[in-house]
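A.B. asks: Provided herewith is a single structure, encoded as structure tokens, for subsequent inquiry.
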Amino acid sequence: MSRVILLAADHPLPYYQSDIQRPSPPSRGPIVVILPPELYCFSVQPHRDYRIAVEELGLEMKPHQYELNLDATEQDAQQLRDYLTQHGRPGEQVELWNLWVGDMNVRAFHLEGPLRDLDKEALEQLFEKDQTCMTITI
């Protein structure tokens, strides 16, 4: 199984790559893995790698979908709020999806709230369950 985090909207959104890096995760044991810097930055990218697997889940989603590189940190929450404020429309709703794709039966857990409440704790709730949709009103 693999995890994918999606942003879904009713209209196209631009791709985005932050230049603010997160701290690298701690190494475990004697092996040190060096990952490219873009893996440590908030980003909004094309939904390509897991598109077919997500479609196989059979969930109803808004039509314009983007893969997010997102962690449950205040820094990432702020960057996502800034991105949605800049590219969203007041009053519109977008969906954040935390999905595990693979061979499983799916029933999504739903949360709702305004953009101003999107913080570290809200992102932690998004990641708590295997299949979660958070609807955010801009």
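For the structure tokens, the naming scheme is as follows: chains receive sequential letters (A, B, ...) according to their order of presentation, residues are indexed from 1 within each chain, and ligands are indexed from 1 in presentation order.
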Write out as an MDAnalysis selection string the residues lying within 9 Å of Glu74 in chain A, counting only C-alpha atoms and excluding same-chain residues fewer than 6 positions away.
C.D. replies: chainID A and resid 119:121 123
A.B. asks: Which residues come within 10 Å of Thr137 in chain A, counting only C-alpha atoms, excluding same-chain residues fewer than 2 positions away, as a list in words?
C.D. replies: Leu84, Gly88, Arg89, Pro90, Gly91, Glu92, Gln93, Val94, Glu95, Glu112, Gly113, Pro114, Leu115, Arg116, Asp117, Met134 and Thr135 of chain A
A.B. asks: Among range 33-78 of chain A, which ones does DSSP assign to strand (DSSP E) (computed from the backbone)? Answer as a PDB file with N, CA, C and O atoms, in the first residue's frame.
C.D. replies:
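Everything below was put into part.pdb:
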ATOM      1  N   CYS A  41       9.891  19.802   0.946  1.00  0.00           N
ATOM      2  CA  CYS A  41       9.206  21.083   0.765  1.00  0.00           C
ATOM      3  C   CYS A  41       7.730  20.855   0.468  1.00  0.00           C
ATOM      4  O   CYS A  41       7.371  19.904  -0.217  1.00  0.00           O
ATOM      5  N   PHE A  42       6.900  21.762   0.954  1.00  0.00           N
ATOM      6  CA  PHE A  42       5.489  21.757   0.583  1.00  0.00           C
ATOM      7  C   PHE A  42       5.385  21.958  -0.923  1.00  0.00           C
ATOM      8  O   PHE A  42       6.079  22.791  -1.496  1.00  0.00           O
ATOM      9  N   SER A  43       4.534  21.170  -1.588  1.00  0.00           N
ATOM     10  CA  SER A  43       4.343  21.358  -3.019  1.00  0.00           C
ATOM     11  C   SER A  43       2.961  20.895  -3.454  1.00  0.00           C
ATOM     12  O   SER A  43       2.311  20.091  -2.781  1.00  0.00           O
ATOM     13  N   VAL A  44       2.530  21.437  -4.591  1.00  0.00           N
ATOM     14  CA  VAL A  44       1.300  21.054  -5.271  1.00  0.00           C
ATOM     15  C   VAL A  44       1.737  20.608  -6.658  1.00  0.00           C
ATOM     16  O   VAL A  44       2.259  21.410  -7.434  1.00  0.00           O
ATOM     17  N   GLN A  45       1.567  19.319  -6.952  1.00  0.00           N
ATOM     18  CA  GLN A  45       2.087  18.727  -8.186  1.00  0.00           C
ATOM     19  C   GLN A  45       0.977  18.016  -8.959  1.00  0.00           C
ATOM     20  O   GLN A  45      -0.085  17.741  -8.411  1.00  0.00           O
ATOM     21  N   PRO A  46       1.244  17.668 -10.213  1.00  0.00           N
ATOM     22  CA  PRO A  46       0.256  16.912 -10.996  1.00  0.00           C
ATOM     23  C   PRO A  46      -0.085  15.593 -10.306  1.00  0.00           C
ATOM     24  O   PRO A  46       0.782  14.966  -9.696  1.00  0.00           O
ATOM     25  N   HIS A  64     -10.608  18.438 -10.337  1.00  0.00           N
ATOM     26  CA  HIS A  64      -9.225  18.865 -10.534  1.00  0.00           C
ATOM     27  C   HIS A  64      -8.414  18.445  -9.309  1.00  0.00           C
ATOM     28  O   HIS A  64      -8.575  19.005  -8.227  1.00  0.00           O
ATOM     29  N   GLN A  65      -7.536  17.452  -9.507  1.00  0.00           N
ATOM     30  CA  GLN A  65      -6.828  16.825  -8.394  1.00  0.00           C
ATOM     31  C   GLN A  65      -5.322  17.000  -8.537  1.00  0.00           C
ATOM     32  O   GLN A  65      -4.778  16.887  -9.634  1.00  0.00           O
ATOM     33  N   TYR A  66      -4.672  17.251  -7.392  1.00  0.00           N
ATOM     34  CA  TYR A  66      -3.239  17.514  -7.340  1.00  0.00           C
ATOM     35  C   TYR A  66      -2.633  16.758  -6.175  1.00  0.00           C
ATOM     36  O   TYR A  66      -3.223  16.710  -5.102  1.00  0.00           O
ATOM     37  N   GLU A  67      -1.447  16.194  -6.380  1.00  0.00           N
ATOM     38  CA  GLU A  67      -0.741  15.544  -5.286  1.00  0.00           C
ATOM     39  C   GLU A  67      -0.031  16.604  -4.454  1.00  0.00           C
ATOM     40  O   GLU A  67       0.589  17.515  -4.990  1.00  0.00           O
ATOM     41  N   LEU A  68      -0.156  16.476  -3.146  1.00  0.00           N
ATOM     42  CA  LEU A  68       0.493  17.395  -2.217  1.00  0.00           C
ATOM     43  C   LEU A  68       1.657  16.705  -1.531  1.00  0.00           C
ATOM     44  O   LEU A  68       1.566  15.532  -1.173  1.00  0.00           O
ATOM     45  N   ASN A  69       2.722  17.445  -1.338  1.00  0.00           N
ATOM     46  CA  ASN A  69       3.767  17.041  -0.413  1.00  0.00           C
ATOM     47  C   ASN A  69       3.476  17.873   0.827  1.00  0.00           C
ATOM     48  O   ASN A  69       3.710  19.081   0.842  1.00  0.00           O
TER      49      ASN A  69
END
A.B. asks: Go through A:Asp49, A:Asp71, A:Asp76, A:Asp82 one by one, measure the shortest atom-to-atom distance of each to Phe127 in chain A using only C-alpha atoms, and give the residue with the smallest value.
C.D. replies: A:Asp71
A.B. asks: Check the DSSP output for the backbone and give back, as number ranges by chain, the residues of chain A in helix (DSSP H, G or I).
C.D. replies: A: 37-40, 51-56, 74-87, 115-117, 120-128
A.B. asks: For Met61 in chain A, list every protein, DNA or RNA residue within 7 Å, evaluated using only C-alpha atoms, and leave out those in the same chain fewer than 2 positions away; present the list as a VMD selection string.
C.D. replies: chain A and resid 8 59 63
A.B. asks: Rank nothing, just name the residue among A:Val101, A:Gly58, A:Ser18, A:Asp130 nearest to Val4 in chain A, using only C-alpha atoms.
C.D. replies: A:Val101
A.B. asks: Interatomic distance between CA of Thr73 in chain A and CA of Ala53 in chain A?
C.D. replies: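 For CA of Thr73 in chain A relative to CA of Ala53 in chain A, the distance reads 26.9 Å.
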